[in-house]
$ cat final.cif   # mmCIF, C-alpha atoms; chains and numbers go by the auth columns
data_work
loop_
_atom_site.group_PDB
_atom_site.id
_atom_site.type_symbol
_atom_site.label_atom_id
_atom_site.label_comp_id
_atom_site.label_asym_id
_atom_site.label_seq_id
_atom_site.Cartn_x
_atom_site.Cartn_y
_atom_site.Cartn_z
_atom_site.B_iso_or_equiv
_atom_site.auth_seq_id
_atom_site.auth_asym_id
ATOM 1 C CA MET A 1 -10.860 -9.127 -17.745 0.00 9 A
ATOM 2 C CA ALA A 2 -11.286 -10.966 -14.459 0.00 10 A
ATOM 3 C CA GLU A 3 -13.813 -13.687 -13.869 0.00 11 A
ATOM 4 C CA SER A 4 -16.692 -12.777 -11.555 0.00 12 A
ATOM 5 C CA ASN A 5 -16.297 -15.923 -9.415 0.00 13 A
ATOM 6 C CA SER A 6 -12.627 -15.279 -8.641 0.00 14 A
ATOM 7 C CA THR A 7 -11.637 -15.386 -4.967 0.00 15 A
ATOM 8 C CA ASN A 8 -9.202 -12.484 -5.265 0.00 16 A
ATOM 9 C CA ASN A 9 -10.809 -9.320 -3.836 0.00 17 A
ATOM 10 C CA SER A 10 -8.967 -7.049 -6.269 0.00 18 A
ATOM 11 C CA ASP A 11 -10.733 -8.727 -9.203 0.00 19 A
ATOM 12 C CA LYS A 12 -14.307 -8.438 -7.931 0.00 20 A
ATOM 13 C CA PHE A 13 -16.618 -5.934 -9.534 0.00 21 A
ATOM 14 C CA VAL A 14 -19.025 -3.732 -7.643 0.00 22 A
ATOM 15 C CA GLU A 15 -21.810 -1.410 -8.702 0.00 23 A
ATOM 16 C CA VAL A 16 -21.574 2.317 -8.057 0.00 24 A
ATOM 17 C CA GLY A 17 -23.633 5.486 -8.616 0.00 25 A
ATOM 18 C CA ASN A 18 -24.628 5.162 -12.270 0.00 26 A
ATOM 19 C CA ASN A 19 -24.570 1.330 -12.344 0.00 27 A
ATOM 20 C CA SER A 20 -21.240 1.123 -14.149 0.00 28 A
ATOM 21 C CA ALA A 21 -18.924 -1.671 -13.085 0.00 29 A
ATOM 22 C CA VAL A 22 -15.550 -0.691 -11.627 0.00 30 A
ATOM 23 C CA GLN A 23 -12.904 -2.772 -9.955 0.00 31 A
ATOM 24 C CA SER A 24 -12.891 -2.802 -6.164 0.00 32 A
ATOM 25 C CA ARG A 25 -9.282 -1.711 -5.707 0.00 33 A
ATOM 26 C CA PRO A 26 -7.775 1.283 -3.944 0.00 34 A
ATOM 27 C CA ASN A 27 -8.568 4.496 -5.777 0.00 35 A
ATOM 28 C CA THR A 28 -5.216 6.226 -5.995 0.00 36 A
ATOM 29 C CA PRO A 29 -6.597 9.807 -6.176 0.00 37 A
ATOM 30 C CA PHE A 30 -8.590 9.309 -2.971 0.00 38 A
ATOM 31 C CA LEU A 31 -5.631 7.604 -1.319 0.00 39 A
ATOM 32 C CA LEU A 32 -3.290 10.438 -2.302 0.00 40 A
ATOM 33 C CA THR A 33 -5.576 13.342 -1.356 0.00 41 A
ATOM 34 C CA GLY A 34 -6.625 11.670 1.896 0.00 42 A
ATOM 35 C CA THR A 35 -3.035 10.992 2.896 0.00 43 A
ATOM 36 C CA LEU A 36 -1.989 14.562 2.092 0.00 44 A
ATOM 37 C CA GLN A 37 -4.893 15.939 4.123 0.00 45 A
ATOM 38 C CA ILE A 38 -3.902 13.827 7.117 0.00 46 A
ATOM 39 C CA ILE A 39 -0.276 14.944 6.818 0.00 47 A
ATOM 40 C CA LEU A 40 -1.239 18.618 6.558 0.00 48 A
ATOM 41 C CA GLY A 41 -3.626 18.281 9.482 0.00 49 A
ATOM 42 C CA ALA A 42 -0.909 16.619 11.536 0.00 50 A
ATOM 43 C CA LEU A 43 1.403 19.540 10.708 0.00 51 A
ATOM 44 C CA CYS A 44 -1.247 22.205 11.427 0.00 52 A
ATOM 45 C CA VAL A 45 -2.109 20.929 14.917 0.00 53 A
ATOM 46 C CA PRO A 46 1.295 21.329 16.624 0.00 54 A
ATOM 47 C CA THR A 47 2.036 24.523 14.702 0.00 55 A
ATOM 48 C CA GLY A 48 -1.306 25.964 15.801 0.00 56 A
ATOM 49 C CA VAL A 49 -0.739 24.907 19.417 0.00 57 A
ATOM 50 C CA VAL A 50 2.673 26.568 19.595 0.00 58 A
ATOM 51 C CA SER A 51 1.407 29.705 17.845 0.00 59 A
ATOM 52 C CA GLY A 52 -1.590 29.993 20.141 0.00 60 A
ATOM 53 C CA VAL A 53 0.446 29.412 23.290 0.00 61 A
ATOM 54 C CA LEU A 54 3.022 31.985 22.207 0.00 62 A
ATOM 55 C CA THR A 55 0.255 34.513 21.593 0.00 63 A
ATOM 56 C CA TRP A 56 -1.419 33.913 24.948 0.00 64 A
ATOM 57 C CA SER A 57 1.880 34.022 26.820 0.00 65 A
ATOM 58 C CA SER A 58 2.870 37.282 25.155 0.00 66 A
ATOM 59 C CA ASP A 59 2.954 40.486 27.162 0.00 67 A
ATOM 60 C CA ARG A 60 1.433 42.380 24.270 0.00 68 A
ATOM 61 C CA PHE A 61 -2.332 42.396 24.759 0.00 69 A
ATOM 62 C CA GLU A 62 -2.983 45.830 23.213 0.00 70 A
ATOM 63 C CA VAL A 63 -4.375 44.362 20.003 0.00 71 A
ATOM 64 C CA GLU A 64 -6.661 41.353 19.722 0.00 72 A
ATOM 65 C CA ARG A 65 -5.142 38.782 17.420 0.00 73 A
ATOM 66 C CA PHE A 66 -6.805 35.929 15.608 0.00 74 A
ATOM 67 C CA ASP A 67 -4.082 33.406 16.377 0.00 75 A
ATOM 68 C CA ARG A 68 -5.415 33.252 19.940 0.00 76 A
ATOM 69 C CA THR A 69 -8.298 31.183 18.587 0.00 77 A
ATOM 70 C CA PHE A 70 -5.972 28.223 17.915 0.00 78 A
ATOM 71 C CA ALA A 71 -7.331 28.112 14.339 0.00 79 A
ATOM 72 C CA GLY A 72 -4.489 25.839 13.241 0.00 80 A
ATOM 73 C CA VAL A 73 -5.505 23.251 15.820 0.00 81 A
ATOM 74 C CA TRP A 74 -9.207 23.163 15.004 0.00 82 A
ATOM 75 C CA ALA A 75 -8.699 23.259 11.260 0.00 83 A
ATOM 76 C CA GLY A 76 -5.921 20.646 11.481 0.00 84 A
ATOM 77 C CA LEU A 77 -8.155 18.248 13.384 0.00 85 A
ATOM 78 C CA PHE A 78 -10.860 18.659 10.749 0.00 86 A
ATOM 79 C CA PHE A 79 -8.304 18.115 7.962 0.00 87 A
ATOM 80 C CA ILE A 80 -7.240 14.859 9.642 0.00 88 A
ATOM 81 C CA CYS A 81 -10.848 13.657 9.851 0.00 89 A
ATOM 82 C CA THR A 82 -11.452 14.591 6.212 0.00 90 A
ATOM 83 C CA GLY A 83 -8.308 12.767 5.137 0.00 91 A
ATOM 84 C CA GLY A 84 -9.464 9.710 7.073 0.00 92 A
ATOM 85 C CA LEU A 85 -12.684 9.721 5.084 0.00 93 A
ATOM 86 C CA GLY A 86 -10.600 9.957 1.909 0.00 94 A
ATOM 87 C CA LEU A 87 -8.605 6.901 2.940 0.00 95 A
ATOM 88 C CA ARG A 88 -11.842 5.094 3.722 0.00 96 A
ATOM 89 C CA GLU A 89 -13.208 6.001 0.315 0.00 97 A
ATOM 90 C CA SER A 90 -10.026 4.817 -1.396 0.00 98 A
ATOM 91 C CA ARG A 91 -10.873 1.289 -0.254 0.00 99 A
ATOM 92 C CA GLY A 92 -14.611 1.629 -0.630 0.00 100 A
ATOM 93 C CA SER A 93 -17.069 0.885 -3.340 0.00 101 A
ATOM 94 C CA GLY A 94 -18.284 4.420 -3.908 0.00 102 A
ATOM 95 C CA LYS A 95 -21.225 4.192 -1.551 0.00 103 A
ATOM 96 C CA VAL A 96 -19.744 6.768 0.827 0.00 104 A
ATOM 97 C CA ALA A 97 -18.244 9.111 -1.782 0.00 105 A
ATOM 98 C CA ILE A 98 -20.527 11.934 -0.703 0.00 106 A
ATOM 99 C CA LEU A 99 -19.138 11.547 2.833 0.00 107 A
ATOM 100 C CA TYR A 100 -15.767 12.612 1.440 0.00 108 A
ATOM 101 C CA LEU A 101 -17.144 15.352 -0.807 0.00 109 A
ATOM 102 C CA VAL A 102 -18.869 17.412 1.879 0.00 110 A
ATOM 103 C CA PRO A 103 -15.939 17.493 4.363 0.00 111 A
ATOM 104 C CA SER A 104 -13.572 18.320 1.491 0.00 112 A
ATOM 105 C CA ILE A 105 -15.696 21.348 0.642 0.00 113 A
ATOM 106 C CA ILE A 106 -15.819 22.337 4.315 0.00 114 A
ATOM 107 C CA SER A 107 -12.022 21.859 4.506 0.00 115 A
ATOM 108 C CA SER A 108 -11.546 24.263 1.634 0.00 116 A
ATOM 109 C CA ILE A 109 -13.737 26.820 3.422 0.00 117 A
ATOM 110 C CA LEU A 110 -11.839 26.312 6.700 0.00 118 A
ATOM 111 C CA ALA A 111 -8.537 26.672 4.861 0.00 119 A
ATOM 112 C CA THR A 112 -9.735 29.947 3.337 0.00 120 A
ATOM 113 C CA LEU A 113 -10.903 31.288 6.684 0.00 121 A
ATOM 114 C CA GLY A 114 -7.696 30.131 8.368 0.00 122 A
ATOM 115 C CA THR A 115 -5.602 31.820 5.702 0.00 123 A
ATOM 116 C CA MET A 116 -7.478 35.080 6.158 0.00 124 A
ATOM 117 C CA ALA A 117 -7.241 34.895 9.961 0.00 125 A
ATOM 118 C CA MET A 118 -3.505 34.183 9.965 0.00 126 A
ATOM 119 C CA ILE A 119 -2.766 36.908 7.400 0.00 127 A
ATOM 120 C CA LEU A 120 -4.788 39.370 9.475 0.00 128 A
ATOM 121 C CA SER A 121 -2.947 38.246 12.600 0.00 129 A
ATOM 122 C CA ILE A 122 0.416 38.777 10.887 0.00 130 A
ATOM 123 C CA PHE A 123 -0.726 42.200 9.723 0.00 131 A
ATOM 124 C CA LEU A 124 -1.855 43.141 13.226 0.00 132 A
ATOM 125 C CA ALA A 125 1.424 41.904 14.689 0.00 133 A
ATOM 126 C CA PHE A 126 3.331 44.275 12.433 0.00 134 A
ATOM 127 C CA THR A 127 1.028 47.224 13.040 0.00 135 A
ATOM 128 C CA GLU A 128 0.552 46.945 16.795 0.00 136 A
ATOM 129 C CA PRO A 129 2.004 49.781 18.870 0.00 137 A
ATOM 130 C CA THR A 130 5.686 49.435 19.634 0.00 138 A
ATOM 131 C CA THR A 131 5.978 52.415 21.985 0.00 139 A
ATOM 132 C CA GLU A 132 4.951 52.977 25.570 0.00 140 A
ATOM 133 C CA SER A 133 4.840 56.272 27.365 0.00 141 A
ATOM 134 C CA GLN A 134 8.492 55.961 28.400 0.00 142 A
ATOM 135 C CA GLY A 135 10.108 53.933 25.648 0.00 143 A
ATOM 136 C CA ILE A 136 10.002 51.447 22.811 0.00 144 A
ATOM 137 C CA ILE A 137 8.820 47.871 23.294 0.00 145 A
ATOM 138 C CA PRO A 138 11.204 45.722 21.225 0.00 146 A
ATOM 139 C CA ARG A 139 10.018 42.652 19.360 0.00 147 A
ATOM 140 C CA THR A 140 11.050 39.588 21.272 0.00 148 A
ATOM 141 C CA PRO A 141 12.375 36.442 19.602 0.00 149 A
ATOM 142 C CA LEU A 142 9.172 34.694 20.689 0.00 150 A
ATOM 143 C CA SER A 143 6.990 37.264 18.913 0.00 151 A
ATOM 144 C CA VAL A 144 9.093 36.822 15.767 0.00 152 A
ATOM 145 C CA LEU A 145 8.703 33.044 16.116 0.00 153 A
ATOM 146 C CA ASN A 146 4.944 33.483 16.478 0.00 154 A
ATOM 147 C CA ILE A 147 4.757 35.574 13.308 0.00 155 A
ATOM 148 C CA SER A 148 6.849 32.952 11.502 0.00 156 A
ATOM 149 C CA LEU A 149 4.576 30.126 12.676 0.00 157 A
ATOM 150 C CA ASN A 150 1.545 32.059 11.452 0.00 158 A
ATOM 151 C CA ALA A 151 3.230 32.415 8.052 0.00 159 A
ATOM 152 C CA VAL A 152 3.846 28.660 8.003 0.00 160 A
ATOM 153 C CA LEU A 153 0.172 28.094 8.848 0.00 161 A
ATOM 154 C CA VAL A 154 -0.794 30.305 5.904 0.00 162 A
ATOM 155 C CA ILE A 155 1.251 28.046 3.622 0.00 163 A
ATOM 156 C CA PHE A 156 -0.336 24.905 5.111 0.00 164 A
ATOM 157 C CA PHE A 157 -3.822 26.385 4.702 0.00 165 A
ATOM 158 C CA ILE A 158 -3.216 27.332 1.067 0.00 166 A
ATOM 159 C CA VAL A 159 -1.915 23.841 0.251 0.00 167 A
ATOM 160 C CA GLU A 160 -4.891 22.285 2.071 0.00 168 A
ATOM 161 C CA PHE A 161 -7.270 24.508 0.095 0.00 169 A
ATOM 162 C CA ILE A 162 -5.793 23.239 -3.177 0.00 170 A
ATOM 163 C CA ILE A 163 -5.880 19.596 -2.045 0.00 171 A
ATOM 164 C CA ALA A 164 -9.477 19.895 -0.798 0.00 172 A
ATOM 165 C CA ILE A 165 -10.617 21.371 -4.127 0.00 173 A
ATOM 166 C CA ILE A 166 -8.830 18.597 -6.039 0.00 174 A
ATOM 167 C CA ALA A 167 -10.375 15.953 -3.750 0.00 175 A
ATOM 168 C CA SER A 168 -13.821 17.454 -4.335 0.00 176 A
ATOM 169 C CA ALA A 169 -13.269 17.324 -8.100 0.00 177 A
ATOM 170 C CA PHE A 170 -12.210 13.667 -7.877 0.00 178 A
ATOM 171 C CA VAL A 171 -15.305 12.794 -5.842 0.00 179 A
ATOM 172 C CA CYS A 172 -17.575 14.608 -8.308 0.00 180 A
ATOM 173 C CA ALA A 173 -15.945 12.734 -11.185 0.00 181 A
ATOM 174 C CA PHE A 174 -16.322 9.464 -9.285 0.00 182 A
ATOM 175 C CA ILE A 175 -20.011 10.094 -8.623 0.00 183 A
ATOM 176 C CA ASP A 176 -20.581 11.059 -12.257 0.00 184 A
ATOM 177 C CA THR A 177 -18.518 8.452 -14.111 0.00 185 A
ATOM 178 C CA GLY A 178 -17.672 5.775 -11.563 0.00 186 A
ATOM 179 C CA GLU A 179 -13.951 6.561 -11.805 0.00 187 A
ATOM 180 C CA PRO A 180 -11.991 9.316 -10.021 0.00 188 A
ATOM 181 C CA ASP A 181 -10.652 10.633 -13.341 0.00 189 A
ATOM 182 C CA ILE A 182 -11.335 14.336 -13.712 0.00 190 A
ATOM 183 C CA SER A 183 -10.469 14.289 -17.416 0.00 191 A
ATOM 184 C CA ARG A 184 -13.711 12.388 -18.068 0.00 192 A
ATOM 185 C CA ILE A 185 -15.985 15.098 -16.678 0.00 193 A
ATOM 186 C CA THR A 186 -17.875 16.742 -19.523 0.00 194 A
#
$ encode --input "final.cif" --output "structure tokens"
Amino acid sequence: MAESNSTNNSDKFVEVGNNSAVQSRPNTPFLLTGTLQIILGALCVPTGVVSGVLTWSSDRFEVERFDRTFAGVWAGLFFICTGGLGLRESRGSGKVAILYLVPSIISSILATLGTMAMILSIFLAFTEPTTESQGIIPRTPLSVLNISLNAVLVIFFIVEFIIAIIASAFVCAFIDTGEPDISRIT
């Protein structure tokens, strides 16, 4: 056990939520979930931009599609902000744990809504009319690319949903026990 008058910051003790002493060192679960959220957000933003631009530049405006909302961009930016709070909490003393919990819950909701919107957009892309009065409108390589990008966004959103739920569980465990160990939650 470290002495309380040590000059090394990793050995100092701080008080958190339920007045239990924990070491002031990086919390690996917060560091891991925060980093993964930032990475997923950084992947969602460019994918959402390209998908949205491809949808708006398409000649097929018969059916409204949800990928025109740039959902990947907005959700990705929020995932990056949430991950930043997770990184902040990994170095913190537990005083701002709730500031990571709430955005993680909102991230899981955004990931669910984004998944539903992209799946609906893929469905609409496959069911939109492919005939005109004089002939068949073929699928262009860009429309196939757009559908593929929406499928990739679905995967990113599902992974973000899982990470956000795990991060929320770690924060709840941290608030309850003073350690981000979900096995200690009773």
$ residues_around --input "final.cif" --residues "Ala175 in chain A" --least-positions-apart "6" --cutoff "7 Å" --atoms "all atoms listed in the file" --output "ChimeraX atom specification"
/A:38,41,112
$ resolve_selection --input "final.cif" --expression "the PyMOL selection byres ((chain A and resi 80) around 7)" --output "JSON, numbers by chain"
{"A": [52, 53, 55, 56, 78, 79, 81, 82, 83, 84, 161]}
$ closest_residue --input "final.cif" --among "A:Cys180, A:Ile117, A:Ile173, A:Ile46" --to "Gly94 in chain A" --atoms "all atoms listed in the file"
A:Ile46
$ atom_distance --input "final.cif" --atom1 "CA of Ser176 in chain A" --atom2 "CA of Ser115 in chain A"
10.0 Å
$ atom_distance --input "final.cif" --atom1 "CA of Thr43 in chain A" --atom2 "CA of Ala119 in chain A"
16.7 Å
$ closest_residue --input "final.cif" --among "A:Thr120, A:Thr148, A:Asn158, A:Thr185" --to "Ser59 in chain A" --atoms "all atoms listed in the file"
A:Asn158
$ closest_residue --input "final.cif" --among "A:Ile106, A:Ile130, A:Leu85, A:Leu153" --to "Val61 in chain A" --atoms "all atoms listed in the file"
A:Leu153
$ atom_distance --input "final.cif" --atom1 "CA of Val57 in chain A" --atom2 "CA of Asn154 in chain A"
10.7 Å
$ resolve_selection --input "final.cif" --expression "the PyMOL selection byres ((chain A and resi 167) around 12)" --output "PyMOL selection string"
chain A and resi 41+44-45+47-49+51-52+87+115-116+119-120+122-123+160-166+168-174
